[in-house]
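Undergrad: Enclosed is the structure file entry_11.txt (compact mmCIF, C-alpha atoms and all ligand atoms).
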```
# COMPACT_ATOMS: atom_id res chain seq x y z
CA MET A 19 -6.10 3.66 16.96
CA LEU A 20 -5.26 0.38 15.32
CA PRO A 21 -8.17 -0.75 13.08
CA ASP A 22 -10.15 -3.51 14.80
CA TRP A 23 -9.48 -6.20 12.17
CA LEU A 24 -5.75 -5.90 12.94
CA ALA A 25 -6.23 -6.38 16.69
CA ALA A 26 -6.27 -10.18 16.48
CA SER A 27 -3.03 -10.21 14.47
CA LEU A 28 -1.38 -7.83 16.92
CA ALA A 29 -2.50 -9.90 19.89
CA ALA A 30 -1.24 -13.11 18.28
CA LEU A 31 2.15 -11.56 17.51
CA LEU A 32 2.44 -10.04 20.97
CA ARG A 33 1.76 -13.39 22.60
CA LEU A 34 4.95 -14.52 20.84
CA ARG A 35 6.79 -11.52 22.27
CA ASP A 36 9.73 -13.52 23.62
CA LYS A 37 9.62 -16.19 20.92
CA LEU A 38 9.42 -13.98 17.83
CA PRO A 39 11.64 -15.03 14.92
CA HIS A 40 14.50 -12.71 13.99
CA ALA A 41 12.82 -11.83 10.71
CA LEU A 42 9.06 -11.46 10.39
CA LEU A 43 7.37 -10.76 7.06
CA LEU A 44 3.86 -9.25 7.13
CA VAL A 45 2.09 -9.93 3.85
CA GLY A 46 -1.35 -8.80 2.77
CA PRO A 47 -3.36 -6.91 0.17
CA ASP A 48 -3.12 -3.16 -0.40
CA GLY A 49 -4.80 -1.09 2.26
CA VAL A 50 -5.22 -3.88 4.81
CA GLY A 51 -2.99 -2.02 7.29
CA LYS A 52 0.33 -3.85 7.12
CA SER A 53 2.34 -0.72 7.88
CA ALA A 54 0.07 0.27 10.76
CA LEU A 55 0.38 -3.19 12.28
CA ALA A 56 4.15 -3.36 11.82
CA THR A 57 4.61 0.08 13.35
CA ARG A 58 2.42 -0.76 16.33
CA LEU A 59 4.23 -4.06 16.86
CA ALA A 60 7.60 -2.28 16.75
CA GLN A 61 6.44 0.27 19.32
CA ALA A 62 5.06 -2.47 21.58
CA LEU A 63 8.32 -4.42 21.42
CA LEU A 64 10.35 -1.33 22.31
CA CYS A 65 7.95 -0.11 25.03
CA GLU A 66 9.52 -0.21 28.47
CA ALA A 67 6.26 -0.52 30.42
CA PRO A 68 4.07 -2.70 28.19
CA GLN A 69 0.47 -3.41 29.12
CA VAL A 70 -0.65 -6.83 30.34
CA ASP A 71 -1.40 -7.96 26.77
CA GLY A 72 2.04 -6.80 25.64
CA ASP A 73 0.79 -3.72 23.78
CA ALA A 74 2.63 -0.37 24.02
CA CYS A 75 1.77 1.84 27.01
CA GLY A 76 2.03 5.05 24.99
CA GLN A 77 3.50 6.90 27.97
CA CYS A 78 7.00 5.65 28.76
CA PRO A 79 10.09 7.44 27.39
CA ALA A 80 10.50 4.73 24.73
CA CYS A 81 6.94 5.26 23.47
CA GLY A 82 7.60 9.01 23.46
CA TRP A 83 10.73 8.66 21.32
CA PHE A 84 9.01 6.17 19.08
CA SER A 85 6.08 8.48 18.36
CA GLN A 86 8.57 11.25 17.50
CA ALA A 87 10.43 8.87 15.12
CA ASN A 88 13.39 9.24 17.41
CA HIS A 89 13.88 5.91 19.20
CA PRO A 90 17.59 5.02 19.19
CA ASP A 91 16.90 1.29 18.81
CA PHE A 92 14.56 1.61 15.85
CA ARG A 93 15.35 2.02 12.16
CA LEU A 94 12.91 2.45 9.29
CA LEU A 95 13.94 1.73 5.70
CA THR A 96 11.59 3.14 3.07
CA PRO A 97 12.09 4.09 -0.57
CA GLY A 98 13.81 7.42 -0.99
CA GLY A 99 15.30 7.47 2.49
CA ASP A 100 18.86 8.57 3.23
CA ASP A 101 21.33 6.95 0.92
CA GLU A 102 25.09 7.01 0.98
CA GLU A 103 24.88 9.02 -2.24
CA GLY A 104 22.73 11.60 -0.47
CA LYS A 105 19.01 12.07 -0.18
CA GLU A 106 16.90 10.85 -3.04
CA LYS A 107 13.38 11.58 -1.98
CA THR A 108 11.86 10.62 -5.29
CA SER A 109 13.34 7.13 -5.49
CA THR A 110 10.88 4.25 -5.40
CA GLU A 111 13.61 1.82 -4.41
CA ILE A 112 15.35 0.94 -1.19
CA LYS A 113 19.01 1.06 -2.13
CA ILE A 114 22.15 -0.69 -0.98
CA GLY A 115 23.43 2.41 0.80
CA GLN A 116 20.39 2.32 3.06
CA VAL A 117 20.98 -1.34 3.89
CA ARG A 118 24.69 -0.69 4.52
CA SER A 119 23.85 2.16 6.84
CA LEU A 120 22.24 -0.46 9.11
CA SER A 121 25.47 -2.32 9.74
CA GLU A 122 26.61 -0.21 12.66
CA PHE A 123 23.12 -0.10 14.17
CA VAL A 124 22.89 -3.87 13.95
CA SER A 125 26.37 -4.61 15.28
CA ILE A 126 26.31 -2.46 18.41
CA GLY A 127 24.21 -3.21 21.49
CA ALA A 128 20.79 -1.70 22.09
CA HIS A 129 20.88 1.78 23.61
CA ARG A 130 18.09 0.91 25.99
CA GLY A 131 19.29 -2.58 26.76
CA GLY A 132 16.26 -4.23 25.15
CA ARG A 133 15.48 -5.19 21.62
CA LYS A 134 16.37 -3.43 18.37
CA VAL A 135 13.86 -3.28 15.55
CA VAL A 136 14.38 -2.64 11.83
CA LEU A 137 11.23 -2.03 9.78
CA ILE A 138 11.54 -2.40 5.99
CA ASP A 139 8.44 -1.01 4.32
CA PRO A 140 7.73 -2.11 1.64
CA ALA A 141 10.28 -4.90 1.38
CA ASP A 142 9.50 -5.40 -2.32
CA ALA A 143 11.08 -1.97 -2.88
CA LEU A 144 14.52 -3.39 -2.02
CA ASN A 145 16.44 -3.38 -5.29
CA VAL A 146 18.62 -6.38 -6.15
CA PRO A 147 21.91 -5.13 -4.65
CA ALA A 148 20.10 -3.97 -1.52
CA ALA A 149 18.32 -7.32 -1.13
CA ASN A 150 21.61 -9.16 -1.58
CA ALA A 151 23.31 -6.94 0.98
CA LEU A 152 20.53 -7.67 3.46
CA LEU A 153 20.78 -11.46 3.15
CA LYS A 154 23.80 -11.90 5.35
CA THR A 155 22.26 -9.90 8.19
CA LEU A 156 18.97 -11.77 7.88
CA GLU A 157 20.82 -15.05 7.91
CA GLU A 158 23.01 -14.42 10.93
CA PRO A 159 20.90 -12.11 13.00
CA PRO A 160 22.87 -10.18 15.57
CA GLY A 161 21.47 -10.56 19.08
CA ALA A 162 18.08 -9.07 19.91
CA THR A 163 17.48 -7.43 16.51
CA LEU A 164 14.09 -8.05 14.93
CA PHE A 165 13.67 -7.42 11.21
CA LEU A 166 10.09 -6.55 10.35
CA LEU A 167 9.37 -6.68 6.63
CA VAL A 168 6.14 -5.56 5.01
CA SER A 169 5.01 -6.53 1.52
CA GLY A 170 1.90 -6.51 -0.61
CA LYS A 171 3.34 -8.85 -3.20
CA LEU A 172 5.09 -11.94 -2.01
CA ASP A 173 6.26 -12.76 -5.54
CA GLY A 174 7.91 -9.32 -5.70
CA LEU A 175 10.42 -10.50 -3.10
CA PRO A 176 13.49 -12.60 -3.87
CA ALA A 177 13.05 -16.19 -2.67
CA THR A 178 16.28 -15.77 -0.70
CA ILE A 179 14.65 -13.06 1.42
CA ARG A 180 11.33 -14.87 1.80
CA SER A 181 13.01 -18.07 2.94
CA ARG A 182 14.75 -16.24 5.77
CA CYS A 183 11.53 -14.81 7.19
CA VAL A 184 8.57 -16.20 9.08
CA ILE A 185 5.48 -15.09 7.16
CA HIS A 186 2.41 -13.65 8.85
CA ALA A 187 -0.44 -13.16 6.37
CA LEU A 188 -3.14 -10.51 6.75
CA THR A 189 -6.47 -10.63 4.94
CA LEU A 190 -9.07 -7.97 4.23
CA PRO A 191 -11.83 -7.83 6.85
CA PRO A 192 -15.36 -9.00 5.93
CA ALA A 193 -17.34 -6.25 4.13
CA GLU A 194 -19.58 -5.60 7.13
CA GLN A 195 -16.70 -5.14 9.55
CA ALA A 196 -14.89 -2.87 7.09
CA SER A 197 -18.02 -0.81 6.50
CA ASP A 198 -18.72 -0.47 10.27
CA TRP A 199 -15.14 0.69 10.82
CA LEU A 200 -15.40 3.29 8.03
CA CYS A 201 -18.70 4.63 9.44
CA ARG A 202 -17.17 5.01 12.92
CA GLU A 203 -13.81 6.29 11.73
CA LEU A 204 -15.10 8.88 9.27
CA GLY A 205 -18.56 9.51 10.68
CA ILE A 206 -20.19 8.75 7.33
CA PRO A 207 -23.46 6.92 6.61
CA SER A 208 -23.37 3.21 5.87
CA ALA A 209 -24.38 3.67 2.20
CA ASP A 210 -21.41 6.02 1.62
CA ALA A 211 -19.07 3.62 3.39
CA GLN A 212 -20.21 0.81 1.13
CA ALA A 213 -19.76 2.92 -2.00
CA TRP A 214 -16.19 3.89 -1.02
CA LEU A 215 -15.42 0.28 -0.14
CA ALA A 216 -16.63 -0.87 -3.54
CA ALA A 217 -14.48 1.78 -5.22
CA ALA A 218 -11.50 0.59 -3.17
CA ALA A 219 -12.07 -3.09 -4.02
CA GLY A 220 -12.91 -3.92 -0.39
CA SER A 221 -9.82 -2.35 1.13
CA PRO A 222 -10.88 -0.27 4.16
CA LEU A 223 -7.76 1.93 4.36
CA ARG A 224 -7.91 2.73 0.66
CA ALA A 225 -11.60 3.45 1.04
CA ALA A 226 -10.82 5.84 3.91
CA ALA A 227 -8.20 7.56 1.75
CA LEU A 228 -10.67 7.93 -1.14
CA ALA A 229 -13.32 9.32 1.19
CA ASP A 230 -10.91 11.99 2.48
CA PRO A 231 -12.35 15.31 1.22
CA GLY A 232 -9.25 16.21 -0.84
CA GLN A 233 -9.03 12.72 -2.29
CA ALA A 234 -12.78 12.48 -2.75
CA ALA A 235 -12.65 15.50 -5.06
CA ALA A 236 -9.86 13.86 -7.07
CA TYR A 237 -11.83 10.62 -7.16
CA ARG A 238 -14.93 12.37 -8.51
CA LEU A 239 -12.83 14.20 -11.10
CA ILE A 240 -11.29 10.92 -12.30
CA VAL A 241 -14.60 9.08 -12.53
CA ALA A 242 -16.33 12.01 -14.23
CA THR A 243 -13.48 12.28 -16.74
CA LEU A 244 -13.53 8.58 -17.57
CA ALA A 245 -17.31 8.57 -17.85
CA LYS A 246 -17.25 11.42 -20.40
CA LEU A 247 -15.10 9.54 -22.88
CA PRO A 248 -15.27 8.76 -25.75
CA ASP A 249 -17.70 11.67 -26.31
CA ALA A 250 -15.44 14.36 -24.84
CA SER A 251 -12.15 15.26 -26.51
CA VAL A 252 -9.11 13.35 -25.34
CA LEU A 253 -7.18 16.59 -24.92
CA ALA A 254 -9.79 18.06 -22.60
CA ALA A 255 -9.94 14.80 -20.65
CA ALA A 256 -6.15 14.67 -20.39
CA GLU A 257 -6.11 18.27 -19.22
CA ALA A 258 -8.53 17.37 -16.41
CA LEU A 259 -6.89 14.08 -15.48
CA SER A 260 -3.36 15.42 -15.40
CA GLN A 261 -4.30 17.55 -12.38
CA VAL A 262 -4.08 14.25 -10.51
CA ALA A 263 -0.95 12.09 -10.16
CA PRO A 264 -0.87 8.93 -12.33
CA ARG A 265 -0.47 6.96 -9.12
CA ALA A 266 -4.00 8.11 -8.20
CA TRP A 267 -5.82 7.78 -11.50
CA VAL A 268 -4.25 4.65 -13.00
CA PRO A 269 -5.57 2.25 -10.31
CA LEU A 270 -9.03 3.80 -10.59
CA MET A 271 -8.91 3.47 -14.35
CA GLN A 272 -7.97 -0.19 -13.94
CA GLY A 273 -11.04 -0.62 -11.74
CA TRP A 274 -13.16 1.24 -14.28
CA VAL A 275 -12.00 -0.98 -17.14
CA ALA A 276 -12.52 -4.10 -15.02
CA ASP A 277 -16.11 -2.96 -14.43
CA LEU A 278 -16.51 -2.31 -18.14
CA ALA A 279 -15.41 -5.89 -18.83
CA ARG A 280 -17.83 -7.24 -16.21
CA VAL A 281 -20.76 -5.32 -17.66
CA ARG A 282 -19.78 -6.32 -21.23
CA ALA A 283 -19.76 -9.95 -20.09
CA GLY A 284 -23.28 -9.56 -18.71
CA SER A 285 -22.35 -9.16 -15.05
CA HIS A 286 -22.65 -6.21 -12.65
CA ALA A 287 -20.31 -3.30 -11.99
CA ARG A 288 -18.50 -3.94 -8.72
CA ARG A 289 -16.23 -0.92 -8.30
CA PHE A 290 -18.50 1.78 -9.70
CA PRO A 291 -22.06 0.51 -9.22
CA GLU A 292 -23.38 4.10 -9.27
CA GLN A 293 -22.08 4.37 -12.86
CA SER A 294 -23.88 1.21 -14.04
CA ALA A 295 -25.97 2.99 -16.66
CA ARG A 296 -22.97 4.74 -18.21
CA LEU A 297 -20.90 1.56 -18.12
CA ALA A 298 -23.71 -0.32 -19.90
CA THR A 299 -23.80 2.31 -22.67
CA LEU A 300 -20.02 2.15 -23.07
CA ALA A 301 -19.94 -1.65 -22.97
CA ASN A 302 -22.25 -1.71 -25.99
CA LEU A 303 -19.75 0.35 -27.98
CA THR A 304 -16.85 -2.07 -27.64
CA GLY A 305 -15.95 -5.74 -27.35
CA LEU A 306 -14.56 -7.87 -24.56
CA GLU A 307 -11.33 -8.55 -26.44
CA ALA A 308 -10.58 -4.86 -26.88
CA ILE A 309 -11.29 -4.23 -23.19
CA ILE A 310 -9.01 -7.06 -22.11
CA GLU A 311 -6.26 -5.93 -24.45
CA PHE A 312 -6.41 -2.39 -23.11
CA SER A 313 -6.52 -3.57 -19.53
CA ARG A 314 -3.43 -5.75 -20.11
CA TRP A 315 -1.61 -2.79 -21.60
CA LEU A 316 -2.58 -0.60 -18.65
CA ALA A 317 -1.26 -3.22 -16.24
CA THR A 318 2.15 -3.05 -17.93
CA GLN A 319 2.36 0.69 -17.31
CA SER A 320 3.17 0.48 -13.59
CA ALA A 321 6.66 1.89 -14.19
CA SER A 322 5.10 5.00 -15.73
CA VAL A 323 2.89 5.33 -12.67
CA ASP A 324 5.89 5.62 -10.39
CA HIS A 325 8.29 7.37 -12.77
CA PRO A 326 6.15 9.43 -15.10
CA LEU A 327 8.70 10.90 -17.50
CA ASN A 328 5.97 13.18 -18.74
CA PRO A 329 2.73 12.70 -16.80
CA ARG A 330 0.72 14.74 -19.28
CA LEU A 331 1.91 12.75 -22.32
CA PHE A 332 1.40 9.47 -20.49
CA CYS A 333 -2.13 10.60 -19.70
CA GLU A 334 -2.88 11.54 -23.32
CA ASP A 335 -1.44 8.31 -24.62
CA THR A 336 -3.48 6.25 -22.17
CA LEU A 337 -6.71 8.09 -22.95
CA LEU A 338 -6.14 7.82 -26.71
CA ARG A 339 -5.72 4.07 -26.36
CA TYR A 340 -8.76 3.90 -24.12
CA ARG A 341 -10.86 5.92 -26.53
CA SER A 342 -9.81 3.78 -29.49
CA MET A 343 -11.64 0.85 -27.87
CA PHE A 344 -14.88 2.55 -28.76
CA LEU A 345 -14.14 3.47 -32.37
ZN ZN A 401 5.64 2.48 26.48
```
Any chance you could give the structure as structure tokens?
Ligand SMILES: [Zn+2]

TA:
Amino acid sequence: MLPDWLAASLAALLRLRDKLPHALLLVGPDGVGKSALATRLAQALLCEAPQVDGDACGQCPACGWFSQANHPDFRLLTPGGDDEEGKEKTSTEIKIGQVRSLSEFVSIGAHRGGRKVVLIDPADALNVPAANALLKTLEEPPGATLFLLVSGKLDGLPATIRSRCVIHALTLPPAEQASDWLCRELGIPSADAQAWLAAAAGSPLRAAALADPGQAAAYRLIVATLAKLPDASVLAAAEALSQVAPRAWVPLMQGWVADLARVRAGSHARRFPEQSARLATLANLTGLEAIIEFSRWLATQSASVDHPLNPRLFCEDTLLRYRSMFL
């Protein structure tokens, strides 16, 4: 089911059903549900027996094909999809071959006589040649094709793409609404929901992912490992942390360091309130400048998060730098 805070956005977009622009860009923070909303909107627009409010019926042949990722008038471009050079599952980019492969889809009529929908998720993954190749299609949209783009970082998109899209912005729901949704969705007590939300910086979908039993174990491992330093050996910590992908532990470490800076500056831990005592001890062992310097360095490591040449070495290097804040 679509999370309740997205319902208003869906309803507003569906009211525009026949007046939608040819290119719609959904923008919003991580974990707000951009992909879920875009997917639901695409299904609703392709549904052949939509409900009164325009939402998908979930029962017609079109809805059936859509839910099996098999609708002939729908295309999804994501990083690592089929490329003209073959499959590259590990790529974090959407490449020109993927954009070119749309040209036939876009130029022929819809199989079902209705609309065609192309979902590009996330649009900031389009590399430069791919973005350039897309411009022409976005500029002169062939009949009845809707381009749905999804992005968490508007400034990660070329201005030429942005200017060709109508932007629909999504915002995180208020804490109470997010917490109620988590309680209902996961069947967890309110206090747990609030703790996961804090750890996920207010993002309900990220909180739900963290609270997933498999992820929750990884989360606890990461926090326990960070909390042990600098007392534990870096090698032992790296051994523990490298069981988890950098993409999982780096954002949590960023949150941890941000909390460390808050506590050092005399404020309260926001992401890891249950670790307040440990954070206070650590904050006394270092200075704000060192924390900020480390946190800036960590922010520059996003390439290593997606393409870890050697995850274990990256982990050791990061933890050594982290530990040196306290020496
Ligand atoms: Zn339907």

Undergrad: Name the closest residue to Ala87 in chain A among the candidates A:Ser109, A:Thr57, A:Gln293, A:Gln116; distances are taken between atoms, counting all atoms listed in the file.

TA: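 Smallest distance to Ala87 in chain A is found for A:Thr57.
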
Undergrad: Calculate how many Å separate CA of Leu34 in chain A from CA of Arg133 in chain A, rounding to one decimal.

TA: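 Here the two named atoms are 14.1 Å from each other.
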
Undergrad: Once you count all atoms listed in the file, which residues end up within 12 Å of ligand ZN 401 (chain A), and could you hand them over as a compact mmCIF listing (two decimals) with C-alpha atoms, in the frame of the given file?

TA:
```txt
# COMPACT_ATOMS: atom_id res chain seq x y z
CA ARG A 58 2.42 -0.76 16.33
CA LEU A 59 4.23 -4.06 16.86
CA ALA A 60 7.60 -2.28 16.75
CA GLN A 61 6.44 0.27 19.32
CA ALA A 62 5.06 -2.47 21.58
CA LEU A 63 8.32 -4.42 21.42
CA LEU A 64 10.35 -1.33 22.31
CA CYS A 65 7.95 -0.11 25.03
CA GLU A 66 9.52 -0.21 28.47
CA ALA A 67 6.26 -0.52 30.42
CA PRO A 68 4.07 -2.70 28.19
CA GLN A 69 0.47 -3.41 29.12
CA VAL A 70 -0.65 -6.83 30.34
CA GLY A 72 2.04 -6.80 25.64
CA ASP A 73 0.79 -3.72 23.78
CA ALA A 74 2.63 -0.37 24.02
CA CYS A 75 1.77 1.84 27.01
CA GLY A 76 2.03 5.05 24.99
CA GLN A 77 3.50 6.90 27.97
CA CYS A 78 7.00 5.65 28.76
CA PRO A 79 10.09 7.44 27.39
CA ALA A 80 10.50 4.73 24.73
CA CYS A 81 6.94 5.26 23.47
CA GLY A 82 7.60 9.01 23.46
CA TRP A 83 10.73 8.66 21.32
CA PHE A 84 9.01 6.17 19.08
CA SER A 85 6.08 8.48 18.36
CA HIS A 89 13.88 5.91 19.20
```

Undergrad: Return the single residue from A:Ala225, A:Leu247, A:Ala193, A:Ala41 that is closest to Leu153 in chain A, with distances computed using only C-alpha atoms.

TA: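 Nearest candidate to Leu153 in chain A out of A:Ala225, A:Leu247, A:Ala193, A:Ala41: A:Ala41.
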
Undergrad: Within 6 Å of (-13.4, 1.4, -10.7) in the file's own coordinates, which protein, DNA or RNA residues have an atom, counting only C-alpha atoms? List them as number ranges by chain.

TA: A: 217, 270, 273-274, 289-290

Undergrad: Using all atoms listed in the file, which protein or nucleic acid residues come within 12 Å of Thr299 in chain A? Drop anything in the same chain fewer than 2 positions from it, and give the result as a count of residues only.

TA: 18

Undergrad: In Å, rounded to a single decimal, give me how far CA of Trp23 in chain A is from CA of Pro191 in chain A.

TA: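 Taking CA of Pro191 in chain A and CA of Trp23 in chain A, their separation equals 6.0 Å.
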
Undergrad: CA of Val135 in chain A and CA of Pro39 in chain A, how far apart in Å?

TA: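 According to the coordinates, CA of Pro39 in chain A and CA of Val135 in chain A are separated by 12.0 Å.
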
Undergrad: Let me have the centre and edge lengths of the axis-aligned box enclosing all listed atoms of range 238-242 of chain A with 6 Å padding on every side, in Å to one decimal, as AutoDock Vina command-line options.

TA:
```
--center_x -13.8 --center_y 11.6 --center_z -11.4 --size_x 17.0 --size_y 17.1 --size_z 17.7
```

Undergrad: List the spatial neighbours of range 159-169 of chain A as a list in words - criterion: any atom at most 7 Å away, only C-alpha atoms, same-chain residues fewer than 5 positions off excluded.

TA: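 The neighbour list is His40, Ala41, Leu42, Leu43, Leu44, Val45, Gly46, Lys52, Ser53, Ala56, Val124, Ser125, Arg133, Lys134, Val135, Val136, Leu137, Ile138, Asp139, Pro140, Ala141 and Asp142 of chain A.
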
Undergrad: Using all atoms listed in the file, which of the listed residues (A:Ala128, A:Ala219, A:Ala143, A:Arg118) sits closest to Thr155 in chain A?

TA: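 Of A:Ala128, A:Ala219, A:Ala143, A:Arg118, the one nearest Thr155 in chain A, counting all atoms listed in the file, is A:Arg118.
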
Undergrad: Find the nearest atom pair between each residue of range 45-73 of chain A and range 196-213 of chain A for residues within 12 Å, count only C-alpha atoms, give distances in Å to one decimal, sort rows by chain and ascending number, and present the table as CSV.

TA:
```
residue,atom,partner,partner_atom,distance
A:Gly49,CA,A:Ala196,CA,11.3
A:Val50,CA,A:Ala196,CA,10.0
A:Gly51,CA,A:Ala196,CA,11.9
```

Undergrad: For a quick check of understanding, using only C-alpha atoms, which of A:Leu38, A:Val241, A:Ala226, A:Ala308 has the smallest distance to Leu345 in chain A?

TA: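 Using only C-alpha atoms, the shortest distance to Leu345 in chain A belongs to A:Ala308.
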
Undergrad: Looking at all atoms listed in the file, which of A:Leu94, A:Ala227, A:Leu24, A:Ala177 is the one that sits closest to Ala266 in chain A?

TA: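 Nearest to Ala266 in chain A: A:Ala227.
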
Undergrad: Write out as a PyMOL selection string which residues come within 9 Å of Thr243 in chain A when counting all atoms listed in the file, dropping same-chain ones fewer than 4 positions away.

TA: chain A and resi 238-239+247+250+255-256+258-259

Undergrad: With only C-alpha atoms as the basis for distance, which of A:Tyr237, A:Trp214, A:Phe92, A:Tyr340 is at the shortest distance from Leu300 in chain A?

TA: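 Smallest separation from Leu300 in chain A among the options: A:Tyr340.
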
Undergrad: Which neighbours of Ala279 in chain A fall inside 9 Å, counting only C-alpha atoms, when residues of the same chain fewer than 2 positions from it are skipped, and could you give them as a list in words?

TA: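 Everything that qualifies: Trp274, Val275, Ala276, Asp277, Val281, Arg282, Ala283, Gly284, Ser285, Ala287, Ala301, Gly305, Leu306, Ile309 and Ile310 of chain A.
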
Undergrad: Some atoms are absent from range 296-319 of chain A, so rebuild N, CA and C atoms and return them as a PDB file, in the frame of the given file.

TA:
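And here's rebuild27.pdb as it stands now:
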```pdb
ATOM      1  N   ARG A 296     -23.995   4.265 -17.280  1.00  0.00           N
ATOM      2  CA  ARG A 296     -22.970   4.740 -18.210  1.00  0.00           C
ATOM      3  C   ARG A 296     -22.089   3.582 -18.684  1.00  0.00           C
ATOM      4  N   LEU A 297     -21.736   2.700 -17.753  1.00  0.00           N
ATOM      5  CA  LEU A 297     -20.900   1.560 -18.120  1.00  0.00           C
ATOM      6  C   LEU A 297     -21.622   0.663 -19.132  1.00  0.00           C
ATOM      7  N   ALA A 298     -22.945   0.517 -18.966  1.00  0.00           N
ATOM      8  CA  ALA A 298     -23.710  -0.320 -19.900  1.00  0.00           C
ATOM      9  C   ALA A 298     -23.683   0.298 -21.297  1.00  0.00           C
ATOM     10  N   THR A 299     -23.852   1.636 -21.370  1.00  0.00           N
ATOM     11  CA  THR A 299     -23.800   2.310 -22.670  1.00  0.00           C
ATOM     12  C   THR A 299     -22.432   2.091 -23.314  1.00  0.00           C
ATOM     13  N   LEU A 300     -21.375   2.295 -22.528  1.00  0.00           N
ATOM     14  CA  LEU A 300     -20.020   2.150 -23.070  1.00  0.00           C
ATOM     15  C   LEU A 300     -19.744   0.710 -23.494  1.00  0.00           C
ATOM     16  N   ALA A 301     -20.212  -0.239 -22.679  1.00  0.00           N
ATOM     17  CA  ALA A 301     -19.940  -1.650 -22.970  1.00  0.00           C
ATOM     18  C   ALA A 301     -20.523  -2.041 -24.322  1.00  0.00           C
ATOM     19  N   ASN A 302     -21.633  -1.388 -24.694  1.00  0.00           N
ATOM     20  CA  ASN A 302     -22.250  -1.710 -25.990  1.00  0.00           C
ATOM     21  C   ASN A 302     -21.464  -1.165 -27.164  1.00  0.00           C
ATOM     22  N   LEU A 303     -20.514  -0.286 -26.894  1.00  0.00           N
ATOM     23  CA  LEU A 303     -19.750   0.350 -27.980  1.00  0.00           C
ATOM     24  C   LEU A 303     -18.430  -0.366 -28.227  1.00  0.00           C
ATOM     25  N   THR A 304     -18.143  -1.415 -27.480  1.00  0.00           N
ATOM     26  CA  THR A 304     -16.850  -2.070 -27.640  1.00  0.00           C
ATOM     27  C   THR A 304     -17.010  -3.582 -27.415  1.00  0.00           C
ATOM     28  N   GLY A 305     -15.900  -4.290 -27.525  1.00  0.00           N
ATOM     29  CA  GLY A 305     -15.950  -5.740 -27.350  1.00  0.00           C
ATOM     30  C   GLY A 305     -15.041  -6.172 -26.210  1.00  0.00           C
ATOM     31  N   LEU A 306     -15.308  -7.367 -25.702  1.00  0.00           N
ATOM     32  CA  LEU A 306     -14.560  -7.870 -24.560  1.00  0.00           C
ATOM     33  C   LEU A 306     -13.059  -7.980 -24.866  1.00  0.00           C
ATOM     34  N   GLU A 307     -12.748  -8.396 -26.097  1.00  0.00           N
ATOM     35  CA  GLU A 307     -11.330  -8.550 -26.440  1.00  0.00           C
ATOM     36  C   GLU A 307     -10.584  -7.233 -26.372  1.00  0.00           C
ATOM     37  N   ALA A 308     -11.222  -6.183 -26.901  1.00  0.00           N
ATOM     38  CA  ALA A 308     -10.580  -4.860 -26.880  1.00  0.00           C
ATOM     39  C   ALA A 308     -10.394  -4.393 -25.443  1.00  0.00           C
ATOM     40  N   ILE A 309     -11.385  -4.663 -24.592  1.00  0.00           N
ATOM     41  CA  ILE A 309     -11.290  -4.230 -23.190  1.00  0.00           C
ATOM     42  C   ILE A 309     -10.132  -4.967 -22.510  1.00  0.00           C
ATOM     43  N   ILE A 310     -10.056  -6.268 -22.764  1.00  0.00           N
ATOM     44  CA  ILE A 310      -9.010  -7.060 -22.110  1.00  0.00           C
ATOM     45  C   ILE A 310      -7.628  -6.629 -22.612  1.00  0.00           C
ATOM     46  N   GLU A 311      -7.553  -6.369 -23.900  1.00  0.00           N
ATOM     47  CA  GLU A 311      -6.260  -5.930 -24.450  1.00  0.00           C
ATOM     48  C   GLU A 311      -5.817  -4.606 -23.824  1.00  0.00           C
ATOM     49  N   PHE A 312      -6.764  -3.675 -23.719  1.00  0.00           N
ATOM     50  CA  PHE A 312      -6.410  -2.390 -23.110  1.00  0.00           C
ATOM     51  C   PHE A 312      -6.029  -2.581 -21.641  1.00  0.00           C
ATOM     52  N   SER A 313      -6.781  -3.411 -20.952  1.00  0.00           N
ATOM     53  CA  SER A 313      -6.520  -3.570 -19.530  1.00  0.00           C
ATOM     54  C   SER A 313      -5.159  -4.238 -19.295  1.00  0.00           C
ATOM     55  N   ARG A 314      -4.777  -5.151 -20.208  1.00  0.00           N
ATOM     56  CA  ARG A 314      -3.430  -5.750 -20.110  1.00  0.00           C
ATOM     57  C   ARG A 314      -2.359  -4.695 -20.332  1.00  0.00           C
ATOM     58  N   TRP A 315      -2.595  -3.842 -21.322  1.00  0.00           N
ATOM     59  CA  TRP A 315      -1.610  -2.790 -21.600  1.00  0.00           C
ATOM     60  C   TRP A 315      -1.465  -1.872 -20.381  1.00  0.00           C
ATOM     61  N   LEU A 316      -2.609  -1.519 -19.802  1.00  0.00           N
ATOM     62  CA  LEU A 316      -2.580  -0.600 -18.650  1.00  0.00           C
ATOM     63  C   LEU A 316      -1.799  -1.233 -17.494  1.00  0.00           C
ATOM     64  N   ALA A 317      -1.968  -2.537 -17.333  1.00  0.00           N
ATOM     65  CA  ALA A 317      -1.260  -3.220 -16.240  1.00  0.00           C
ATOM     66  C   ALA A 317       0.251  -3.199 -16.435  1.00  0.00           C
ATOM     67  N   THR A 318       0.699  -3.070 -17.690  1.00  0.00           N
ATOM     68  CA  THR A 318       2.150  -3.050 -17.930  1.00  0.00           C
ATOM     69  C   THR A 318       2.742  -1.657 -17.709  1.00  0.00           C
ATOM     70  N   GLN A 319       1.889  -0.697 -17.398  1.00  0.00           N
ATOM     71  CA  GLN A 319       2.360   0.690 -17.310  1.00  0.00           C
ATOM     72  C   GLN A 319       2.756   1.103 -15.882  1.00  0.00           C
TER      73      GLN A 319
END
```
